[in-house]
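Only one structure is covered here, and it is reproduced in the block below.
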Amino acid sequence: MKSSHLAVLLIFTFLTFGLTYPLVFRLNSSVFAAYGDPLLTTWILAWDVHKLFTDPQNLFQANIFYPYKNVLAYSENLLASSLLAAPILLLSQNPILAHNSVFLISFILSGFGTYLLVRHLTHNLYAGVFSGIIFAFSPYKFSHLGHLQLLTTQWIPFCFLFLHRLLETHRWRYLFLFWLFFILQALSSSYYALFLSLSLGIWLVVYGLISRMDLRSSIWGKLGGFVILSVLILYPVSRPYFKVQEEMGFTRTLEEVKLFSADLKNYLGVPHFNKLYGKALVRFAKTEAMLFPGTLALLFAGLGILFMVCHLKWRTISPERGLFLKSVPVIGAYGSMVILAGILSLGPQLHLFGITLEGPYGILYHYVPGFKGLRVPSRWGMMVSFGLSVLAGYGVLPLLRNIGGSERNKRYLSFLRTPFLVCALLSALLVMEYDSTPLSLHKVPIGEQIPEVYQWLAKQEGDFPIFELPLQSNLQDYWREAHYVYFSTYHWKKLINGYSGFSPPLAILLHQVMEAFPDETSIQILQRLGTQYLIIHSEMYPPWYVRRLLQDLECFDDRLILRDKFGRDYLYEIKAFSTGLKKGLENEKPINLSPRSLQEIQVARSNYNSEEAKLAVDGNLKTRWTTRIPQKPDMYFELELKNISPVSGVLLDMGSSMPEYPRQFQVEVSTDGSHWESANLLPGSLLSLAESAIQIPKHPRLDLAFAQPIETKFIRISQTGQDKQWAWSIHEIQVYP
């Protein structure tokens, strides 16, 4: 490595330590305090390393959300980042240290890679340093300190660097390096895999048009080979994601995508903890959309484009002007990429001056594989930041080359005669713009500090399911359960709990069902899942609740046996359930919950949102009836059949609305619609919902089976419980004889 490169690498290392202070002093014990995502990515890195060295063919069969399959595909796989983490984790056995090392490396290499790219393009070391600081430490990056997968942008500038060298030389080694860094970036973040792929395509099209690349050039064959090799490598990694999307129905709705799209004003937004701009510009920010690149970045990126236009008008070409003329296709390509990435960050709809237009992102959502799994279009702001950093390198170049060159400059700006001092001054200004220190850190137990119950689990032989309480019934606090996932890195037992980008329907159901624990339904579900141990973390409950809970558990001591107590953690062994769901899961045979023959429903009505009741009987699982307001006891949904017929039960298909199943209910029947009598239901309705949540997760069903067939024409399902958060929904309702 050149001495200048080494010096710049050290500069970015020290800048990273300074701008992420005080993390460098707590590398082995703290993470950025942003909900549960740092603990999730710590678990992913640890799982990757664990499986890659022990059982790589089952990499995606992660240990959370038992008994579901391909669970790693519920979020990012971080495979490339795990390669960086592996030596640190294997040597230290400290997953937090491994996570933080990858965290810091992402900043260092993002800056260093951009420096190499811009230095190659401009032939100026200082322009490269200036651009590297912009890309590495922009407010966008600091708005995602809790998302390791969104910080790992370091391979993008290397990818473009070797694309440039490939276009200049047509050498195979640069094709290989271009491909290698693309694969590393794609395996670091699925968001950036899609964004980078599209950005490269945009860049190449614009560059080819402006530079008038020969279509017969051998470079196109090499780029075709790049595409084929990339598909061959990425397909096996992508396949579990598409499989999960198909089997589980894990897609983001257009409404959700619109919610997480950026507005133009968000390009002025910064995190609230930014020292210079935080108080003034935080009002332009929103969650996942803090996209202000900085004043200097915008200024010099604009100058880069302006100087390019000005140099085009000059007839005499000096060496310096020639550099700009040669760079016209490059600047044009990066400028076009910035504009298109900015438009895509605005999502499916563009809101401009009070007018709403359909944006091109909708085309990607509907027609490009992978985009239906992405929730946050505003993350395109990363490609905007990258493109601006390159353009800013061109914009600052004349200042770096001309300062101190004239007599006037020598007279008035003698203290800025050297490019080094200019670069130092501009870099200091950038650091002032981007400074967000000190970062808020969250201390995490490691090694012998972890709770004793997990140390005990680590010593137990076998791979068995465990379940931990409490669950967070309020989804805003769901991130707290990431601690269970993190602690599983010390024992690797199967965990029925989980925390990830998506949650399977059983996990959603358990968050409601376990509010009544211990009761017959909650215990039977745990038994049927084959749960061997239940851990109750009593310090997370109020003392009065713990006393009541322990008393209630004594009523079920034939099935819940107190095995041990570790501090304030209670470990219960659950007596096995001999038949039922566990056996069905092991045999992987779906249970048929479809009625033998469906009765024809003539009318559907409700006392809440009755005009949409027909959506529950239209045969379309994508539509639904909903009360629109939280559940309460006076709600009912009523069916009228064409004729008086024998009915043995009712199926409520929950579709994608699992949290909105009826909490408590009664079923009444009538032959004339005036005189009603209660239907005697078989026990286990919620068990049927739990079972179908695993067997048919795209549309789990609540089976309200009657103890015996009843002759009826009218069926009314009345809500007797309540929920302060969730409405009551039905995607489809069916009756069977």
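Here, A, B, ... name the chains of the structure tokens in the order displayed, residue numbers run from 1 inside each chain, and ligands are numbered from 1 in the same displayed order.
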* Could you name the residues that touch Ser606 in chain A at 6 Å or less, counting only C-alpha atoms, but leaving out those on the same chain fewer than 5 positions away, as an MDAnalysis selection string? -> chainID A and resid 636:638
Residues of the last selection are to be written out with C-alpha atoms, as a PDB file, in the first residue's frame.
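The file below, selection-v6.pdb, is the result:
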```pdb
ATOM      1  CA  TYR A 636     -71.149  -8.674  16.317  1.00  0.00           C
ATOM      2  CA  PHE A 637     -70.929 -10.158  12.824  1.00  0.00           C
ATOM      3  CA  GLU A 638     -73.991 -11.913  11.431  1.00  0.00           C
TER       4      GLU A 638
END
```
* Excluding same-chain residues fewer than 5 positions from Gln154 in chain A, what lies within 10 Å of it counting only C-alpha atoms, as a ChimeraX atom specification? -> /A:105-114,135-136,159,181,184-185,188
* Asked: Can you list, as a PyMOL selection string, every protein, DNA or RNA residue that comes within 10 Å of range 462-474 of chain A when you count only C-alpha atoms, leaving out same-chain residues fewer than 3 positions away?
  -> chain A and resi 63-67+457-459+477-481+484+491-498+507-508+510-515+517+526+529-541+569-574+724-725
* **Exercise: range 667-672 of chain A partners within 10 Å, only C-alpha atoms, chain neighbours under 5 positions left out, as a list in words** =>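 Close residues of range 667-672 of chain A: Tyr636, Phe637, Glu638, Leu639, Glu640, Leu641, Asn643, Ile644, Ser645, Val647, Gly649, Val650, Glu677, Ser678, Ala679, Asn680, Leu681, Leu704, Phe706, Ile710, Glu711, Thr712, Lys713, Phe714, Ile715, Arg716, Ile717, Ser718 and Gln719 of chain A.
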* To do: Using CA of Leu45 in chain A and CA of Leu72 in chain A as the two end points, give the distance in Å to one decimal.
  => 10.9 Å
* Which one is closest to Thr418 in chain A: A:Tyr126, A:Pro543, A:Ala262, A:Pro445? Count only C-alpha atoms. ->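 Residue with the minimum atom-to-atom distance to Thr418 in chain A: A:Tyr126.
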* Write out as a VMD selection string the residues lying within 9 Å of Met432 in chain A, counting only C-alpha atoms and excluding same-chain residues fewer than 4 positions away. => chain A and resid 275 to 276 427 to 428 436
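Atom pair CA of Gly36 in chain A / CA of Asn77 in chain A has a distance of 16.5 Å (rounded to one decimal).
Excluding range 219-225 of chain A and any residue on its chain fewer than 5 positions from it, the residues at most 10 Å away by only C-alpha atoms are A:Leu163, A:Leu166, A:Leu167, A:Glu168, A:Thr169, A:His170, A:Arg171, A:Trp172, A:Leu175, A:Phe176, A:Phe178, A:Trp179, A:Met213, A:Asp214, A:Ser230, A:Val231.
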* If you run DSSP on the backbone, which residues of range 282-469 of chain A are alpha helix (DSSP H), as a PyMOL selection string? -> chain A and resi 295-312+319-345+361-367+381-402+407-412+419-434+452-458
List every residue of range 85-142 of chain A that has an atom at most 8 Å from any atom of range 288-312 of chain A, and for each one report the closest atom pair and its distance in Å to one decimal, counting only C-alpha atoms, with rows sorted by chain and then by increasing residue number, as a tab-separated table.
```
residue	atom	partner	partner_atom	distance
A:Ile134	CA	A:Ala297	CA	6.6
A:Ser138	CA	A:Pro293	CA	5.7
A:Pro139	CA	A:Pro293	CA	6.3
A:Tyr140	CA	A:Leu291	CA	5.3
```
* Just the residues within 9 Å of range 549-555 of chain A, please, counting only C-alpha atoms, with nothing from its chain fewer than 4 positions along; format it as a ChimeraX atom specification. => /A:517-519,544-545,560-561
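Using only C-alpha atoms, the smallest distance between any of A:Val485, A:Leu441, A:Val330, A:Val118 and Ser30 in chain A comes from A:Leu441.
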* Residue with smallest distance to Pro683 in chain A - pool A:Ala576, A:Asp634, A:Glu520, A:Phe137, counting only C-alpha atoms ->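 The shortest atom-to-atom distance to Pro683 in chain A comes from A:Glu520.
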* To do: Go through A:Met635, A:Leu97, A:Leu232, A:Val237 and flag the residue nearest Asn70 in chain A, using only C-alpha atoms for the distances.
  =>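 Using only C-alpha atoms, the shortest distance to Asn70 in chain A belongs to A:Val237.
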* Pick out the closest residue to Thr253 in chain A from this set: A:Gln734, A:Ser656, A:Ser327, A:Asn94. Count only C-alpha atoms. => A:Ser656
* **Gap from CA of Asp48 in chain A to CA of Phe32 in chain A - Å, one decimal** => 21.3 Å
